[in-house]
file entry-v4.cif (mmCIF, C-alpha atoms)
data_work
#
loop_
_atom_site.group_PDB
_atom_site.id
_atom_site.type_symbol
_atom_site.label_atom_id
_atom_site.label_comp_id
_atom_site.auth_asym_id
_atom_site.auth_seq_id
_atom_site.Cartn_x
_atom_site.Cartn_y
_atom_site.Cartn_z
ATOM 1 C CA MET D 1 -67.320 52.586 -174.721
ATOM 2 C CA SER D 2 -64.443 54.652 -176.055
ATOM 3 C CA THR D 3 -64.287 52.935 -179.437
ATOM 4 C CA LEU D 4 -66.595 50.762 -181.457
ATOM 5 C CA LEU D 5 -65.949 49.020 -184.741
ATOM 6 C CA PRO D 6 -67.950 46.365 -186.593
ATOM 7 C CA ASP D 7 -66.769 42.870 -185.629
ATOM 8 C CA PRO D 8 -64.928 41.351 -188.640
ATOM 9 C CA GLN D 9 -66.048 37.829 -187.676
ATOM 10 C CA ILE D 10 -69.698 38.875 -187.686
ATOM 11 C CA LEU D 11 -69.276 40.714 -190.988
ATOM 12 C CA ALA D 12 -67.687 37.610 -192.513
ATOM 13 C CA ARG D 13 -70.837 35.631 -191.622
ATOM 14 C CA ILE D 14 -73.267 38.022 -193.292
ATOM 15 C CA ASP D 15 -71.094 39.615 -195.992
ATOM 16 C CA ARG D 16 -72.581 37.611 -198.885
ATOM 17 C CA LEU D 17 -76.196 37.899 -197.723
ATOM 18 C CA GLU D 18 -78.781 40.427 -198.885
ATOM 19 C CA LEU D 19 -81.402 42.160 -196.789
ATOM 20 C CA GLU D 20 -84.607 43.019 -198.629
ATOM 21 C CA ALA D 21 -87.807 44.595 -197.412
ATOM 22 C CA ARG D 22 -90.772 42.233 -197.292
ATOM 23 C CA GLN D 23 -93.282 45.051 -197.774
ATOM 24 C CA VAL D 24 -93.364 48.153 -199.940
ATOM 25 C CA VAL D 25 -90.939 50.907 -198.974
ATOM 26 C CA GLU D 26 -90.417 54.491 -200.078
ATOM 27 C CA GLY D 27 -87.158 55.904 -201.353
ATOM 28 C CA TYR D 28 -85.534 58.502 -203.544
ATOM 29 C CA LEU D 29 -83.239 56.248 -205.559
ATOM 30 C CA ALA D 30 -83.824 53.267 -207.796
ATOM 31 C CA GLY D 31 -83.021 50.019 -206.018
ATOM 32 C CA ARG D 32 -84.180 46.472 -205.337
ATOM 33 C CA HIS D 33 -87.150 47.076 -203.027
ATOM 34 C CA ARG D 34 -90.788 47.517 -204.040
ATOM 35 C CA SER D 35 -92.208 51.028 -203.831
ATOM 36 C CA PRO D 36 -95.820 52.169 -203.371
ATOM 37 C CA ARG D 37 -95.312 54.448 -206.348
ATOM 38 C CA HIS D 38 -96.082 53.148 -209.826
ATOM 39 C CA GLY D 39 -93.809 53.424 -212.828
ATOM 40 C CA PHE D 40 -92.947 51.428 -215.921
ATOM 41 C CA ALA D 41 -90.413 48.886 -214.716
ATOM 42 C CA VAL D 42 -89.986 45.624 -212.851
ATOM 43 C CA GLU D 43 -93.266 43.979 -211.728
ATOM 44 C CA PHE D 44 -96.725 44.464 -213.256
ATOM 45 C CA ALA D 45 -99.146 46.277 -210.932
ATOM 46 C CA GLN D 46 -102.233 47.470 -212.833
ATOM 47 C CA HIS D 47 -103.668 49.139 -215.968
ATOM 48 C CA ARG D 48 -104.716 52.734 -216.379
ATOM 49 C CA GLU D 49 -106.317 54.544 -219.273
ATOM 50 C CA TYR D 50 -104.111 56.234 -221.845
ATOM 51 C CA ALA D 51 -103.810 60.007 -221.641
ATOM 52 C CA PRO D 52 -102.272 62.300 -224.292
ATOM 53 C CA GLY D 53 -98.541 62.494 -223.800
ATOM 54 C CA ASP D 54 -98.156 58.997 -222.325
ATOM 55 C CA ASP D 55 -95.456 56.748 -223.748
ATOM 56 C CA ILE D 56 -97.209 54.484 -226.282
ATOM 57 C CA ARG D 57 -94.575 51.786 -225.771
ATOM 58 C CA HIS D 58 -96.472 50.733 -222.660
ATOM 59 C CA LEU D 59 -99.839 50.312 -224.369
ATOM 60 C CA ASP D 60 -101.447 46.910 -223.770
ATOM 61 C CA TRP D 61 -102.668 45.866 -227.213
ATOM 62 C CA LYS D 62 -104.410 42.791 -225.880
ATOM 63 C CA VAL D 63 -106.638 44.952 -223.726
ATOM 64 C CA TYR D 64 -107.244 47.235 -226.734
ATOM 65 C CA GLY D 65 -108.303 44.214 -228.792
ATOM 66 C CA ARG D 66 -110.940 43.332 -226.198
ATOM 67 C CA THR D 67 -112.191 46.814 -225.295
ATOM 68 C CA GLU D 68 -111.107 49.057 -228.200
ATOM 69 C CA ARG D 69 -109.794 51.453 -225.560
ATOM 70 C CA PHE D 70 -106.164 52.339 -224.946
ATOM 71 C CA HIS D 71 -104.731 51.233 -221.571
ATOM 72 C CA LEU D 72 -101.187 51.416 -220.257
ATOM 73 C CA LYS D 73 -99.434 48.772 -218.249
ATOM 74 C CA GLN D 74 -98.166 50.092 -214.905
ATOM 75 C CA TYR D 75 -95.495 48.440 -212.822
ATOM 76 C CA GLU D 76 -94.213 48.670 -209.284
ATOM 77 C CA GLN D 77 -91.018 50.643 -209.142
ATOM 78 C CA GLU D 78 -88.106 49.407 -207.142
ATOM 79 C CA THR D 79 -86.551 51.777 -204.646
ATOM 80 C CA ASN D 80 -83.793 52.021 -202.074
ATOM 81 C CA LEU D 81 -84.356 50.811 -198.545
ATOM 82 C CA VAL D 82 -84.108 53.063 -195.501
ATOM 83 C CA ALA D 83 -83.169 50.992 -192.457
ATOM 84 C CA TRP D 84 -83.436 52.506 -188.988
ATOM 85 C CA LEU D 85 -81.280 51.156 -186.157
ATOM 86 C CA LEU D 86 -82.940 51.969 -182.821
ATOM 87 C CA VAL D 87 -80.612 50.957 -179.984
ATOM 88 C CA ASP D 88 -81.614 50.870 -176.309
ATOM 89 C CA GLY D 89 -78.839 52.542 -174.344
ATOM 90 C CA SER D 90 -80.501 52.561 -170.928
ATOM 91 C CA GLU D 91 -78.566 51.648 -167.795
ATOM 92 C CA SER D 92 -79.733 48.022 -167.711
ATOM 93 C CA MET D 93 -78.144 47.454 -171.119
ATOM 94 C CA GLY D 94 -74.750 47.947 -169.463
ATOM 95 C CA TYR D 95 -75.074 44.647 -167.605
ATOM 96 C CA GLY D 96 -72.967 41.689 -168.663
ATOM 97 C CA SER D 97 -72.189 38.453 -166.835
ATOM 98 C CA GLY D 98 -69.656 37.358 -169.448
ATOM 99 C CA THR D 99 -67.246 39.027 -171.823
ATOM 100 C CA ARG D 100 -69.882 41.276 -173.445
ATOM 101 C CA THR D 101 -72.543 43.543 -172.031
ATOM 102 C CA LYS D 102 -76.005 43.612 -173.526
ATOM 103 C CA TYR D 103 -75.241 47.031 -174.966
ATOM 104 C CA GLU D 104 -72.123 45.712 -176.694
ATOM 105 C CA VAL D 105 -74.161 42.877 -178.215
ATOM 106 C CA ALA D 106 -76.782 45.372 -179.422
ATOM 107 C CA CYS D 107 -74.145 47.695 -180.887
ATOM 108 C CA SER D 108 -72.332 44.844 -182.638
ATOM 109 C CA ALA D 109 -75.582 43.603 -184.171
ATOM 110 C CA ALA D 110 -76.628 47.107 -185.216
ATOM 111 C CA ALA D 111 -73.225 47.875 -186.749
ATOM 112 C CA ALA D 112 -73.230 44.597 -188.680
ATOM 113 C CA LEU D 113 -76.709 45.178 -190.105
ATOM 114 C CA GLY D 114 -75.801 48.783 -190.878
ATOM 115 C CA PHE D 115 -72.782 47.593 -192.836
ATOM 116 C CA LEU D 116 -74.910 45.073 -194.746
ATOM 117 C CA VAL D 117 -77.511 47.708 -195.662
ATOM 118 C CA LEU D 118 -74.928 50.282 -196.770
ATOM 119 C CA GLN D 119 -73.001 47.676 -198.753
ATOM 120 C CA GLN D 120 -76.083 47.021 -200.883
ATOM 121 C CA ALA D 121 -76.423 50.769 -201.651
ATOM 122 C CA ASP D 122 -79.294 51.409 -199.234
ATOM 123 C CA SER D 123 -79.522 53.989 -196.439
ATOM 124 C CA VAL D 124 -79.114 53.750 -192.669
ATOM 125 C CA GLY D 125 -80.424 55.971 -189.893
ATOM 126 C CA LEU D 126 -79.713 55.593 -186.174
ATOM 127 C CA ALA D 127 -81.206 56.549 -182.830
ATOM 128 C CA THR D 128 -80.065 55.667 -179.319
ATOM 129 C CA MET D 129 -82.667 55.530 -176.565
ATOM 130 C CA ALA D 130 -82.946 55.600 -172.784
ATOM 131 C CA ASP D 131 -85.483 57.754 -170.932
ATOM 132 C CA GLY D 132 -85.666 59.709 -174.194
ATOM 133 C CA VAL D 133 -83.928 59.942 -177.550
ATOM 134 C CA ARG D 134 -80.250 60.432 -176.715
ATOM 135 C CA ALA D 135 -78.850 60.648 -180.258
ATOM 136 C CA PHE D 136 -80.420 60.830 -183.696
ATOM 137 C CA LEU D 137 -78.606 60.297 -186.983
ATOM 138 C CA ARG D 138 -80.529 60.990 -190.184
ATOM 139 C CA PRO D 139 -80.377 58.345 -192.926
ATOM 140 C CA SER D 140 -77.519 58.318 -195.397
ATOM 141 C CA GLY D 141 -76.305 55.855 -197.974
ATOM 142 C CA GLN D 142 -72.641 56.882 -197.733
ATOM 143 C CA MET D 143 -70.254 54.309 -196.239
ATOM 144 C CA ASN D 144 -68.919 56.898 -193.791
ATOM 145 C CA GLN D 145 -72.382 56.742 -192.204
ATOM 146 C CA LEU D 146 -71.228 53.520 -190.538
ATOM 147 C CA ARG D 147 -68.271 55.277 -188.939
ATOM 148 C CA GLU D 148 -70.538 58.053 -187.703
ATOM 149 C CA ALA D 149 -73.051 55.517 -186.359
ATOM 150 C CA CYS D 150 -70.280 53.708 -184.472
ATOM 151 C CA ARG D 151 -69.110 57.014 -183.012
ATOM 152 C CA VAL D 152 -72.636 57.726 -181.768
ATOM 153 C CA LEU D 153 -73.070 54.228 -180.342
ATOM 154 C CA ALA D 154 -69.772 54.548 -178.449
ATOM 155 C CA GLY D 155 -71.414 57.252 -176.315
ATOM 156 C CA GLY D 156 -73.615 54.728 -174.503
ATOM 157 C CA PRO D 157 -74.905 53.157 -172.397
ATOM 158 C CA TYR D 158 -76.377 56.004 -170.400
ATOM 159 C CA SER D 159 -77.244 56.346 -166.735
ATOM 160 C CA GLY D 160 -80.872 56.333 -165.677
ATOM 161 C CA PRO D 161 -84.013 54.363 -166.518
ATOM 162 C CA SER D 162 -85.496 53.304 -169.826
ATOM 163 C CA ASN D 163 -88.854 54.313 -171.195
ATOM 164 C CA LEU D 164 -88.917 52.235 -174.354
ATOM 165 C CA GLY D 165 -92.607 52.585 -175.108
ATOM 166 C CA ARG D 166 -92.642 56.373 -174.914
ATOM 167 C CA VAL D 167 -89.416 56.708 -176.911
ATOM 168 C CA LEU D 168 -90.788 54.473 -179.677
ATOM 169 C CA HIS D 169 -93.813 56.778 -179.914
ATOM 170 C CA GLU D 170 -91.461 59.741 -180.369
ATOM 171 C CA LEU D 171 -89.304 57.967 -182.958
ATOM 172 C CA ALA D 172 -92.330 56.735 -184.911
ATOM 173 C CA ALA D 173 -93.087 60.369 -185.644
ATOM 174 C CA ARG D 174 -89.477 61.139 -186.644
ATOM 175 C CA THR D 175 -88.537 58.225 -188.892
ATOM 176 C CA GLY D 176 -90.470 59.572 -191.866
ATOM 177 C CA ARG D 177 -91.115 57.530 -195.005
ATOM 178 C CA ARG D 178 -91.764 53.838 -194.685
ATOM 179 C CA GLY D 179 -88.834 51.481 -194.454
ATOM 180 C CA ILE D 180 -87.574 48.850 -192.049
ATOM 181 C CA VAL D 181 -86.965 49.513 -188.351
ATOM 182 C CA PHE D 182 -84.602 47.353 -186.299
ATOM 183 C CA VAL D 183 -85.106 47.712 -182.540
ATOM 184 C CA PHE D 184 -82.389 46.423 -180.180
ATOM 185 C CA SER D 185 -83.399 46.285 -176.513
ATOM 186 C CA ASP D 186 -83.466 44.114 -173.391
ATOM 187 C CA LEU D 187 -87.190 44.943 -173.207
ATOM 188 C CA LEU D 188 -87.119 45.634 -169.466
ATOM 189 C CA ASP D 189 -90.253 47.742 -169.513
ATOM 190 C CA ASP D 190 -93.977 47.173 -169.123
ATOM 191 C CA VAL D 191 -95.249 44.942 -171.930
ATOM 192 C CA PRO D 192 -98.324 47.079 -172.811
ATOM 193 C CA ASP D 193 -96.094 50.158 -173.159
ATOM 194 C CA ILE D 194 -93.595 48.319 -175.361
ATOM 195 C CA LEU D 195 -96.308 46.914 -177.613
ATOM 196 C CA ALA D 196 -98.055 50.286 -177.885
ATOM 197 C CA GLY D 197 -94.806 51.895 -179.025
ATOM 198 C CA LEU D 198 -94.164 49.139 -181.559
ATOM 199 C CA GLN D 199 -97.728 49.446 -182.826
ATOM 200 C CA HIS D 200 -97.171 53.159 -183.441
ATOM 201 C CA VAL D 201 -94.090 52.354 -185.536
ATOM 202 C CA ARG D 202 -96.114 49.784 -187.504
ATOM 203 C CA TYR D 203 -98.885 52.356 -187.977
ATOM 204 C CA GLN D 204 -96.325 54.482 -189.832
ATOM 205 C CA LYS D 205 -96.143 51.599 -192.376
ATOM 206 C CA HIS D 206 -92.657 50.513 -191.313
ATOM 207 C CA GLU D 207 -91.630 46.885 -191.246
ATOM 208 C CA VAL D 208 -90.322 46.174 -187.736
ATOM 209 C CA VAL D 209 -87.796 43.631 -186.448
ATOM 210 C CA LEU D 210 -87.416 43.403 -182.668
ATOM 211 C CA PHE D 211 -84.072 42.071 -181.413
ATOM 212 C CA HIS D 212 -84.386 41.023 -177.773
ATOM 213 C CA ILE D 213 -80.935 41.319 -176.209
ATOM 214 C CA ILE D 214 -80.696 39.068 -173.169
ATOM 215 C CA ASP D 215 -77.727 38.193 -170.982
ATOM 216 C CA ALA D 216 -76.991 34.517 -170.397
ATOM 217 C CA ALA D 217 -77.329 34.938 -166.613
ATOM 218 C CA GLU D 218 -80.701 36.660 -167.050
ATOM 219 C CA ALA D 219 -81.928 33.812 -169.232
ATOM 220 C CA ASP D 220 -80.610 30.887 -167.152
ATOM 221 C CA PHE D 221 -80.386 32.354 -163.614
ATOM 222 C CA PRO D 222 -77.398 30.143 -162.665
ATOM 223 C CA PHE D 223 -76.901 31.630 -159.175
ATOM 224 C CA ARG D 224 -76.695 29.091 -156.343
ATOM 225 C CA HIS D 225 -75.457 30.869 -153.212
ATOM 226 C CA MET D 226 -76.666 33.866 -151.238
ATOM 227 C CA THR D 227 -76.330 36.736 -153.713
ATOM 228 C CA LEU D 228 -76.525 40.512 -153.572
ATOM 229 C CA PHE D 229 -78.396 41.683 -156.685
ATOM 230 C CA ARG D 230 -77.504 45.289 -157.458
ATOM 231 C CA GLY D 231 -80.379 47.368 -158.700
ATOM 232 C CA LEU D 232 -80.186 49.319 -161.959
ATOM 233 C CA GLU D 233 -82.239 52.242 -163.235
ATOM 234 C CA GLY D 234 -83.157 53.383 -159.737
ATOM 235 C CA LEU D 235 -84.078 49.985 -158.286
ATOM 236 C CA PRO D 236 -82.704 48.983 -154.824
ATOM 237 C CA GLU D 237 -80.223 46.223 -154.011
ATOM 238 C CA ILE D 238 -81.656 42.870 -152.912
ATOM 239 C CA LEU D 239 -79.813 40.241 -150.857
ATOM 240 C CA THR D 240 -81.523 36.903 -151.312
ATOM 241 C CA ASP D 241 -81.185 33.155 -151.685
ATOM 242 C CA PRO D 242 -81.414 32.650 -155.476
ATOM 243 C CA LEU D 243 -82.570 29.048 -155.147
ATOM 244 C CA GLY D 244 -85.668 30.256 -153.333
ATOM 245 C CA VAL D 245 -86.688 32.697 -156.079
ATOM 246 C CA ARG D 246 -85.373 30.917 -159.185
ATOM 247 C CA ASP D 247 -88.588 29.173 -160.240
ATOM 248 C CA GLY D 248 -90.677 32.292 -159.764
ATOM 249 C CA TYR D 249 -88.153 34.422 -161.649
ATOM 250 C CA LEU D 250 -87.950 32.050 -164.618
ATOM 251 C CA LYS D 251 -91.743 31.843 -164.834
ATOM 252 C CA ALA D 252 -92.066 35.634 -164.718
ATOM 253 C CA LEU D 253 -89.398 35.948 -167.434
ATOM 254 C CA ALA D 254 -91.121 33.349 -169.634
ATOM 255 C CA ASP D 255 -94.468 35.105 -169.186
ATOM 256 C CA HIS D 256 -92.879 38.464 -170.051
ATOM 257 C CA ILE D 257 -91.232 37.111 -173.206
ATOM 258 C CA GLY D 258 -94.343 35.168 -174.191
ATOM 259 C CA ALA D 259 -96.510 38.286 -173.960
ATOM 260 C CA ILE D 260 -94.074 40.252 -176.142
ATOM 261 C CA GLN D 261 -93.859 37.430 -178.699
ATOM 262 C CA ALA D 262 -97.661 37.187 -178.863
ATOM 263 C CA GLY D 263 -97.946 40.932 -179.390
ATOM 264 C CA CYS D 264 -95.315 40.823 -182.122
ATOM 265 C CA ARG D 265 -97.135 38.026 -183.937
ATOM 266 C CA GLY D 266 -100.334 40.044 -183.859
ATOM 267 C CA MET D 267 -98.582 43.011 -185.467
ATOM 268 C CA GLU D 268 -96.508 40.947 -187.936
ATOM 269 C CA ILE D 269 -93.270 41.956 -186.228
ATOM 270 C CA ASP D 270 -90.296 39.603 -186.278
ATOM 271 C CA TYR D 271 -89.073 38.763 -182.764
ATOM 272 C CA VAL D 272 -85.424 37.654 -182.637
ATOM 273 C CA CYS D 273 -83.636 36.699 -179.408
ATOM 274 C CA LEU D 274 -79.902 37.462 -179.240
ATOM 275 C CA ARG D 275 -78.140 35.967 -176.213
ATOM 276 C CA SER D 276 -74.901 37.473 -174.962
ATOM 277 C CA ASP D 277 -73.183 34.075 -174.916
ATOM 278 C CA ALA D 278 -74.260 32.995 -178.410
ATOM 279 C CA ASP D 279 -72.459 33.304 -181.753
ATOM 280 C CA LEU D 280 -73.846 36.653 -182.883
ATOM 281 C CA GLY D 281 -72.693 36.262 -186.483
ATOM 282 C CA HIS D 282 -74.380 32.864 -186.730
ATOM 283 C CA ASP D 283 -77.641 34.157 -185.226
ATOM 284 C CA LEU D 284 -77.802 37.188 -187.526
ATOM 285 C CA ALA D 285 -77.003 35.119 -190.612
ATOM 286 C CA ALA D 286 -79.629 32.550 -189.622
ATOM 287 C CA TYR D 287 -82.273 35.242 -189.245
ATOM 288 C CA ILE D 288 -81.468 36.888 -192.598
ATOM 289 C CA GLN D 289 -81.542 33.543 -194.379
ATOM 290 C CA LYS D 290 -84.815 32.569 -192.700
ATOM 291 C CA ARG D 291 -86.254 35.928 -193.645
ATOM 292 C CA ARG D 292 -85.313 35.482 -197.303
ATOM 293 C CA GLY D 293 -86.940 32.065 -197.260
ATOM 294 C CA ARG D 294 -90.265 33.672 -196.372
ATOM 295 C CA GLN D 295 -90.193 36.247 -199.198
#

call {"tool": "encode", "arguments": {"input": "entry-v4.cif", "output": "structure tokens"}}
result
Amino acid sequence: MSTLLPDPQILARIDRLELEARQVVEGYLAGRHRSPRHGFAVEFAQHREYAPGDDIRHLDWKVYGRTERFHLKQYEQETNLVAWLLVDGSESMGYGSGTRTKYEVACSAAAALGFLVLQQADSVGLATMADGVRAFLRPSGQMNQLREACRVLAGGPYSGPSNLGRVLHELAARTGRRGIVFVFSDLLDDVPDILAGLQHVRYQKHEVVLFHIIDAAEADFPFRHMTLFRGLEGLPEILTDPLGVRDGYLKALADHIGAIQAGCRGMEIDYVCLRSDADLGHDLAAYIQKRRGRQ
């Protein structure tokens, strides 16, 4: 991909929406998201005993009336969100049966969410993945971060196999303070490895959203005549009658997706399917609105 820009039609769908963290996050700036640190603003969290030098404006006189001891009201501070965009750039992501490859769908979705996050004065970081971390962009809240992210994304997809589980382990250790992690991948890896990598990211206290990028032909298997399937990521070519393998393929795909969805539910990870032939702006807007409805 020589150039990459956010799709204006997708941006128009999500431009008026807001993306908020559903769990506490950590940040350096004041913002709209709850922080694990306590201060004296926004939402009540707890009391603590008064100490010399504390601001007496936050004394709780009702508590003093009951206990004759001075206690301060503490509140949860709001903070800025750090959103990580982790994009699978392995060779299989370069497949596309229609006008867009899976990688182009992933990049368009990542760029749109990056724009949304930056527009609300939060920060965006980026990593592209294949058999390892191919590019890593530290978080920034400047709007030119989107241009830099698009430049990095334009370098993919890459040749060679994926190793999503192992790469997620590596990135879990590099993403730092808790925030929200968006993963964009076709998930063509062993399910236990994928779930172990996601669990490591969750262990770092991040909220995780998994976007499963799937091509329409992969999902529907519309092939009817003798077909030569070209292997990717080191796999061989296979010449076969698709009608003879269709039922088995669709069952294996459903089992694969079902196992990932079950693992995500167990870890409180949002699973979102993005098909290459669907209206990407509509699907992203629907997810953000559904997400806000659960807050």

call {"tool": "resolve_selection", "arguments": {"input": "entry-v4.cif", "expression": "the PyMOL selection byres ((chain D and resi 238) around 6)", "output": "list of chain:residue names"}}
result
D:Leu228, D:Phe229, D:Glu237, D:Leu239

call {"tool": "axis_aligned_box", "arguments": {"input": "entry-v4.cif", "around": "region 230-245 of chain D", "padding_each_side": "4 Å", "output": "AutoDock Vina command-line options"}}
result
--center_x -82.1 --center_y 41.2 --center_z -157.0 --size_x 17.2 --size_y 32.3 --size_z 20.4

call {"tool": "closest_residue", "arguments": {"input": "entry-v4.cif", "among": "D:Lys251, D:Arg174, D:Arg230, D:Arg265", "to": "Gln199 (chain D)", "atoms": "all atoms listed in the file"}}
result
D:Arg265

call {"tool": "resolve_selection", "arguments": {"input": "entry-v4.cif", "expression": "the PyMOL selection byres ((chain D and resi 188) around 10)", "output": "ChimeraX atom specification"}}
result
/D:90,92-93,161-164,185-187,189-191,194,212,214,256

call {"tool": "closest_atom_pairs", "arguments": {"input": "entry-v4.cif", "of": "region 80-106 of chain D", "to": "region 141-155 of chain D", "cutoff": "10 Å", "atoms": "all atoms listed in the file", "output": "JSON lines"}}
result
{"residue": "D:Asn80", "atom": "CA", "partner": "D:Gly141", "partner_atom": "CA", "distance": 9.4}
{"residue": "D:Leu81", "atom": "CA", "partner": "D:Gly141", "partner_atom": "CA", "distance": 9.5}
{"residue": "D:Val82", "atom": "CA", "partner": "D:Gly141", "partner_atom": "CA", "distance": 8.6}
{"residue": "D:Leu85", "atom": "CA", "partner": "D:Ala149", "partner_atom": "CA", "distance": 9.3}
{"residue": "D:Val87", "atom": "CA", "partner": "D:Leu153", "partner_atom": "CA", "distance": 8.2}
{"residue": "D:Gly89", "atom": "CA", "partner": "D:Leu153", "partner_atom": "CA", "distance": 8.5}
{"residue": "D:Tyr103", "atom": "CA", "partner": "D:Leu153", "partner_atom": "CA", "distance": 9.2}
{"residue": "D:Glu104", "atom": "CA", "partner": "D:Ala154", "partner_atom": "CA", "distance": 9.3}
{"residue": "D:Ala106", "atom": "CA", "partner": "D:Leu153", "partner_atom": "CA", "distance": 9.6}

call {"tool": "resolve_selection", "arguments": {"input": "entry-v4.cif", "expression": "the PyMOL selection byres ((chain D and resi 289) around 12)", "output": "list in words"}}
result
Arg13, Ile14, Arg16, Leu17, Glu18, Leu19, Glu20, His282, Asp283, Leu284, Ala285, Ala286, Tyr287, Ile288, Lys290, Arg291, Arg292, Gly293, Arg294 and Gln295 of chain D

call {"tool": "write_last_selection", "arguments": {"input": "entry-v4.cif", "atoms": "C-alpha atoms", "output": "mmCIF file, in the coordinates of the input"}}
result
data_model
loop_
_atom_site.group_PDB
_atom_site.id
_atom_site.type_symbol
_atom_site.label_atom_id
_atom_site.label_comp_id
_atom_site.auth_asym_id
_atom_site.auth_seq_id
_atom_site.Cartn_x
_atom_site.Cartn_y
_atom_site.Cartn_z
ATOM 1 C CA ARG D 13 -70.837 35.631 -191.622
ATOM 2 C CA ILE D 14 -73.267 38.022 -193.292
ATOM 3 C CA ARG D 16 -72.581 37.611 -198.885
ATOM 4 C CA LEU D 17 -76.196 37.899 -197.723
ATOM 5 C CA GLU D 18 -78.781 40.427 -198.885
ATOM 6 C CA LEU D 19 -81.402 42.160 -196.789
ATOM 7 C CA GLU D 20 -84.607 43.019 -198.629
ATOM 8 C CA HIS D 282 -74.380 32.864 -186.730
ATOM 9 C CA ASP D 283 -77.641 34.157 -185.226
ATOM 10 C CA LEU D 284 -77.802 37.188 -187.526
ATOM 11 C CA ALA D 285 -77.003 35.119 -190.612
ATOM 12 C CA ALA D 286 -79.629 32.550 -189.622
ATOM 13 C CA TYR D 287 -82.273 35.242 -189.245
ATOM 14 C CA ILE D 288 -81.468 36.888 -192.598
ATOM 15 C CA LYS D 290 -84.815 32.569 -192.700
ATOM 16 C CA ARG D 291 -86.254 35.928 -193.645
ATOM 17 C CA ARG D 292 -85.313 35.482 -197.303
ATOM 18 C CA GLY D 293 -86.940 32.065 -197.260
ATOM 19 C CA ARG D 294 -90.265 33.672 -196.372
ATOM 20 C CA GLN D 295 -90.193 36.247 -199.198
#

call {"tool": "atom_distance", "arguments": {"input": "entry-v4.cif", "atom1": "CA of Leu198 (chain D)", "atom2": "CA of Ala278 (chain D)"}}
result
25.8 Å

call {"tool": "closest_residue", "arguments": {"input": "entry-v4.cif", "among": "D:Leu195, D:Ala135, D:Val105, D:Ser123", "to": "Leu274 (chain D)", "atoms": "all atoms listed in the file"}}
result
D:Val105

call {"tool": "residues_around", "arguments": {"input": "entry-v4.cif", "residues": "Leu168 (chain D)", "least_positions_apart": "3", "cutoff": "9 Å", "atoms": "only C-alpha atoms", "output": "PDB file with C-alpha atoms, keeping the file's coordinate frame"}}
result
ATOM      1  CA  LEU D  86     -82.940  51.969-182.821  1.00  0.00           C
ATOM      2  CA  MET D 129     -82.667  55.530-176.565  1.00  0.00           C
ATOM      3  CA  ASN D 163     -88.854  54.313-171.195  1.00  0.00           C
ATOM      4  CA  LEU D 164     -88.917  52.235-174.354  1.00  0.00           C
ATOM      5  CA  GLY D 165     -92.607  52.585-175.108  1.00  0.00           C
ATOM      6  CA  LEU D 171     -89.304  57.967-182.958  1.00  0.00           C
ATOM      7  CA  ALA D 172     -92.330  56.735-184.911  1.00  0.00           C
ATOM      8  CA  ALA D 173     -93.087  60.369-185.644  1.00  0.00           C
ATOM      9  CA  ILE D 194     -93.595  48.319-175.361  1.00  0.00           C
ATOM     10  CA  ALA D 196     -98.055  50.286-177.885  1.00  0.00           C
ATOM     11  CA  GLY D 197     -94.806  51.895-179.025  1.00  0.00           C
ATOM     12  CA  LEU D 198     -94.164  49.139-181.559  1.00  0.00           C
ATOM     13  CA  HIS D 200     -97.171  53.159-183.441  1.00  0.00           C
ATOM     14  CA  VAL D 201     -94.090  52.354-185.536  1.00  0.00           C
TER      15      VAL D 201
END

call {"tool": "atom_distance", "arguments": {"input": "entry-v4.cif", "atom1": "CA of Gly244 (chain D)", "atom2": "CA of Asp215 (chain D)"}}
result
20.9 Å

call {"tool": "atom_distance", "arguments": {"input": "entry-v4.cif", "atom1": "CA of Ala262 (chain D)", "atom2": "CA of Arg177 (chain D)"}}
result
26.8 Å

call {"tool": "residues_near_point", "arguments": {"input": "entry-v4.cif", "point": "(-87.4, 63.2, -172.7)", "cutoff": "10 Å", "atoms": "all atoms listed in the file", "output": "number ranges by chain"}}
result
D: 129-134, 163, 166-167, 170

call {"tool": "closest_residue", "arguments": {"input": "entry-v4.cif", "among": "D:Ala219, D:Ala83, D:Ala112, D:Leu210", "to": "Ile260 (chain D)", "atoms": "only C-alpha atoms"}}
result
D:Leu210

call {"tool": "residues_near_point", "arguments": {"input": "entry-v4.cif", "point": "(-67.6, 43.6, -185.4)", "cutoff": "10 Å", "atoms": "only C-alpha atoms", "output": "ChimeraX atom specification"}}
result
/D:4-12,105,107-112,115,280-281

call {"tool": "closest_residue", "arguments": {"input": "entry-v4.cif", "among": "D:Phe136, D:Asp122, D:Tyr203, D:His71", "to": "His169 (chain D)", "atoms": "only C-alpha atoms"}}
result
D:Tyr203

call {"tool": "residues_around", "arguments": {"input": "entry-v4.cif", "residues": "Pro242 (chain D)", "least_positions_apart": "4", "cutoff": "6 Å", "atoms": "all atoms listed in the file", "output": "list in words"}}
result
Phe223, Arg224 and Arg246 of chain D

call {"tool": "residues_around", "arguments": {"input": "entry-v4.cif", "residues": "region 67-69 of chain D", "least_positions_apart": "4", "cutoff": "10 Å", "atoms": "all atoms listed in the file", "output": "PyMOL selection string"}}
result
chain D and resi 49-50+60-63
